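Input: a single structure, listed below in structure tokens.
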Amino acid sequence: MPHFLPDGCKKWYLYFFKQLNMDEQKRRQIDEILEKATFAAAIFNQYTQEQTDRIVKAVYKAALNHRIPLAKMAAEETQMGRWEDKVIKNVVASQYVYENLKNQKTVGIISEDEQTGIIEIAQPIGPILAVTPVTNPTSTTIFKILIALKSRNPIIISPHRKAARCSVEAARICYEAALEADAPEDCIQWITHGSREETQYLMQQKRLALILATGGAGLVHEAYSSGTPALGVGAGNVPVFIEKSADIPFAVDQLIRSKTFDNGTICASEQALVVEREISEKVRMEMTKQGAYFMDPGETKAIEKVAWFAGSKSMSPEIVGQSVEKIAAMAGIRVPEGTRLLVAPLEKIGEEEPLSSEILAPILAFYEAKDFDDAIRKCIDLNYHGGIGHTTSIFSSDEEKIRKFSVMMNAGRILVNMPSSQGAVGYMYNTLEPSLTLGCGTSGKNITTDNISARHLLNIQRVTRRRMNERMVKLGFAVYMDPKLEADHLEKEFNKNY
Amino acid sequence: MNLNIETAGELVICHLSGRLDTIVSLELESQIDQHTDPKRKMEFNFSAVDYISSSFLRICLKKFKELGEGNFWIKTPIPDIKKVFKIAGLEKLVKD
């Protein structure tokens, strides 16, 4: 410390010096993590498909064997959701993801087509930064590790600070199993207690190949702004339309099963139910029978107060993944014993009606529409109100109406006659790829609407053989030099049958 | 054997071969260290190496830092291994 500083300044000097050093030290730590990851990427490049598959198999088995303790740890640490449902999420992330990946070719030549003369070669992309959320911490960690290893890429897990312990434990279990199966050292790393600045610094590093960003809008935006390629997710606000031709008891059963799964933490869970007036009463009765509680306007207002945070114009983090009993107690309302779902009958959609937004808890908005067209209009409004590009759901037996609904929606996944939480995640109720990172297209500020998987973590190189275009050869280029010839004539000539 | 050491005047040449995995790297490190002399240059001849682990990558980096640029290099790696050094950002260690 310079001796000429007056005493009053010394304290501040020391403080800033310490800050500077701390930052420098953290920066060095991050640089070290990246160097290790870069080395791991280099070593991984030598692995064959068989070696890679052996590692993936070992890791999935370890994760599956720890599905229950990891689920309990996640529920306890985050105080969100139900551990039994988190077990299922861990199963999806390990076993189902593995079953989907196991026969995929991800190393070297992955396809060869004599006719087109194209050979496809898969190349790993390099170190991946995986940001994982508080709502699905262990499952997302397992999932991202498996798809990274399958594509021979090292991965750095940056967990949500409120789920750091369970996420790191999941990563550690996977890493041990990977090493046991001869994976490259440091192929899985994690950062804990990472500040926002550290994450930002890491995101901007040139040696990082890709960011797999699952989390809130702020985080995803930061990832996109970093200059490193990123695969992000968008927010959901899933409307579900029970159309009048639907099997009502079945639809209600599926809807409640989905909306209450893990106390509603999945971003693809139903947020608002739309029904036509004609069947509205029938649906209400069936829902009540199956454990839904329709709130009166006073109760709805009380729930809104605890579920909505007016300051940030978003759901309150305190109710995310909480049980009906807890939310009712927080709001000071009394609900019948055994209530599984709180239903808020509403009319308006948009900012003036907070409960028409995404609420990741067992609270469902309910809308009655005049007819089919009115129902579609409401679904469009709900879909565009904070859930654009994500997921929508319909129960119907009328193919024409299913198609009409689907064309009107802006969603990566349109689910027909299935629970949307489990449906959007894939594999269980349909043939979508199992994934805990759901692309929301450009509307959701993502590059794809796909369910993200290992194939998104590869650079595909195409080796192309000479295959002359016969029509081009026959017509030649001389004809284009004649200024009198117009498009119609050239089109005819180009497509002439010889 | 994965290592043969030959001394030619000011130059120590380590002829490496086979798979330099984590266990092999551990064994080789002390032997290489014994033959490291700051007054001499060192070459790793890689022409018979067909796999390296990150542990061996670290040994290479360590020697490069100890002896300095121009005094340590890796010679004639097969293309697969050359690519490993390229991806790791350690291409400056390789002298084809």
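Chain labels follow the order of the structure tokens: the first chain is A, the next B, and so on; residue numbering restarts at 1 in every chain, and ligands are counted from 1 in their shown order.
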When DSSP works through the backbone of this structure, what residues of segment 12-87 of chain B end up as strand (DSSP E or B), shown as a PyMOL selection string?
-> chain B and resi 12-20+41-52+69+72-75
Could you give me, as a Markdown table, a per-residue list for chain B showing, wherever an atom lies at most 6 Å from an atom of chain A, the closest pair of atoms and their distance in Å to one decimal, using only C-alpha atoms and sorting by chain then residue number from low to high?
| residue | atom | partner | partner_atom | distance |
| --- | --- | --- | --- | --- |
| B:Val84 | CA | A:Ala42 | CA | 4.7 |
| B:Ile87 | CA | A:Ala42 | CA | 5.1 |
| B:Ala88 | CA | A:Phe39 | CA | 4.9 |
Output N, CA, C and O atoms of each residue in that selection to a file, as an mmCIF file, in the first residue's frame.
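This went into selection.cif:
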data_model
loop_
_atom_site.group_PDB
_atom_site.id
_atom_site.type_symbol
_atom_site.label_atom_id
_atom_site.label_comp_id
_atom_site.auth_asym_id
_atom_site.auth_seq_id
_atom_site.Cartn_x
_atom_site.Cartn_y
_atom_site.Cartn_z
ATOM 1 N N VAL B 84 -4.807 -33.323 -31.872
ATOM 2 C CA VAL B 84 -5.001 -33.190 -30.423
ATOM 3 C C VAL B 84 -4.310 -31.912 -29.927
ATOM 4 O O VAL B 84 -4.897 -31.115 -29.196
ATOM 5 N N ILE B 87 -6.234 -28.793 -31.165
ATOM 6 C CA ILE B 87 -7.466 -28.510 -30.410
ATOM 7 C C ILE B 87 -7.135 -27.991 -29.007
ATOM 8 O O ILE B 87 -7.796 -27.103 -28.483
ATOM 9 N N ALA B 88 -6.064 -28.555 -28.426
ATOM 10 C CA ALA B 88 -5.697 -28.145 -27.064
ATOM 11 C C ALA B 88 -5.060 -26.753 -27.051
ATOM 12 O O ALA B 88 -4.791 -26.211 -25.984
#
Write out as a list in words each polymer residue whose atoms come within 7 Å of Phe44 of chain B, counting only C-alpha atoms; drop sequence neighbours fewer than 6 positions from it.
-> Ile13, Cys14, His15, Leu16, Trp73, Ile74 and Lys75 of chain B
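With atom CA of Asn383 of chain A on one side and atom CA of Ser397 of chain A on the other, the separation reads 21.7 Å.
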Tell me which protein, DNA and RNA residues are within 12 Å of segment 102-113 of chain A, counting only C-alpha atoms, leaving out same-chain ones fewer than 3 positions away, and put them as a PyMOL selection string.
-> chain A and resi 44-58+60+94-99+116-125+146-153+453-465
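All residues of protein, DNA or RNA that reach within 12 Å of Glu470 of chain A, judged by only C-alpha atoms and not counting those fewer than 6 positions away in the chain, are Gly476, Phe494, Asn495, Lys496, Asn497 and Tyr498 of chain A.
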Which is closer to Thr22 of chain B than all the others in A:Leu179, A:Met80, A:Met428, A:Ile211, using only C-alpha atoms?
-> A:Leu179
DSSP on the backbone, then: every residue of segment 156-216 of chain A marked helix (DSSP H, G or I), written as JSON, numbers by chain.
-> {"A": [161, 162, 163, 164, 165, 166, 167, 168, 169, 170, 171, 172, 173, 174, 175, 176, 177, 178, 179, 180, 196, 197, 198, 199, 200, 201, 202, 203]}
Determine the nearest neighbour of Thr265 of chain A from the options A:Asp85, A:Glu198, A:Glu32, A:Asp482, counting only C-alpha atoms.
-> A:Asp85
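In this model, the gap between atom CA of Asp398 of chain A and atom CA of Glu281 of chain A comes to 20.5 Å.
Residues surrounding Gly68 of chain B within 10 Å are Pro38, Lys41 and Lys62 of chain B [only C-alpha atoms; sequence separation below 6 positions excluded].
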Arg82 of chain A environment, 10 Å, only C-alpha atoms, sequence neighbours closer than 2 positions dropped, as JSON, numbers by chain | {"A": [71, 72, 74, 75, 76, 79, 80, 84, 85, 86, 87, 260, 261, 262, 263, 264, 265, 321, 322, 323]}
Next, the residues of the selection above should be written as a CSV table (one decimal), in the first residue's frame with N, CA and C atoms.
chain,number,residue,atom,x,y,z
A,71,ALA,N,-33.1,-37.0,-6.2
A,71,ALA,CA,-34.4,-36.3,-6.3
A,71,ALA,C,-34.7,-35.8,-4.9
A,72,LYS,N,-34.4,-36.5,-3.9
A,72,LYS,CA,-34.7,-36.1,-2.5
A,72,LYS,C,-33.9,-34.8,-2.2
A,74,ALA,N,-32.6,-32.7,-4.2
A,74,ALA,CA,-33.1,-31.5,-5.0
A,74,ALA,C,-34.3,-30.9,-4.3
A,75,ALA,N,-35.3,-31.8,-3.9
A,75,ALA,CA,-36.5,-31.3,-3.3
A,75,ALA,C,-36.2,-30.5,-2.0
A,76,GLU,N,-35.3,-31.1,-1.3
A,76,GLU,CA,-34.9,-30.6,0.0
A,76,GLU,C,-34.2,-29.2,-0.1
A,79,GLN,N,-36.6,-26.7,-2.0
A,79,GLN,CA,-37.9,-26.5,-1.4
A,79,GLN,C,-39.0,-26.3,-2.5
A,80,MET,N,-38.8,-27.0,-3.6
A,80,MET,CA,-39.7,-26.9,-4.7
A,80,MET,C,-40.1,-28.3,-5.1
A,84,GLU,N,-41.0,-37.4,-5.4
A,84,GLU,CA,-41.4,-38.6,-6.2
A,84,GLU,C,-41.4,-38.2,-7.7
A,85,ASP,N,-41.9,-37.0,-8.0
A,85,ASP,CA,-41.9,-36.6,-9.4
A,85,ASP,C,-40.5,-36.3,-9.9
A,86,LYS,N,-39.6,-35.8,-9.0
A,86,LYS,CA,-38.2,-35.5,-9.4
A,86,LYS,C,-37.5,-36.8,-9.7
A,87,VAL,N,-37.9,-37.9,-9.1
A,87,VAL,CA,-37.4,-39.3,-9.4
A,87,VAL,C,-37.7,-39.5,-10.9
A,260,THR,N,-50.1,-30.9,-12.1
A,260,THR,CA,-49.7,-31.0,-10.7
A,260,THR,C,-48.3,-31.8,-10.6
A,261,PHE,N,-47.8,-32.3,-11.8
A,261,PHE,CA,-46.5,-33.0,-11.8
A,261,PHE,C,-45.4,-32.1,-11.2
A,262,ASP,N,-44.7,-32.6,-10.2
A,262,ASP,CA,-43.7,-31.8,-9.5
A,262,ASP,C,-44.2,-30.4,-9.1
A,263,ASN,N,-45.5,-30.4,-8.7
A,263,ASN,CA,-46.1,-29.1,-8.3
A,263,ASN,C,-46.0,-28.0,-9.4
A,264,GLY,N,-46.0,-28.5,-10.6
A,264,GLY,CA,-46.1,-27.5,-11.7
A,264,GLY,C,-44.8,-26.8,-12.1
A,265,THR,N,-43.6,-27.4,-11.8
A,265,THR,CA,-42.4,-26.7,-12.1
A,265,THR,C,-41.9,-26.8,-13.6
A,321,GLY,N,-43.4,-24.3,-7.6
A,321,GLY,CA,-43.3,-25.7,-7.1
A,321,GLY,C,-43.8,-26.0,-5.8
A,322,GLN,N,-44.7,-25.1,-5.3
A,322,GLN,CA,-45.3,-25.4,-3.9
A,322,GLN,C,-46.6,-26.1,-4.1
A,323,SER,N,-47.0,-26.8,-3.0
A,323,SER,CA,-48.2,-27.6,-3.0
A,323,SER,C,-49.4,-26.7,-2.8
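Between atom CA of Val134 of chain A and atom CA of Thr391 of chain A lies a distance of 20.4 Å.
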May I ask which of the residues A:Gly232, A:Pro362, A:Pro133, A:Gly350 is the closest one to Ile380 of chain A, counting only C-alpha atoms?
-> A:Gly350
Kindly indicate which residue among A:Ile128, A:Arg28, A:Lys370, A:Val168 lies nearest to Ile142 of chain A, using only C-alpha atoms for the distances.
-> A:Val168
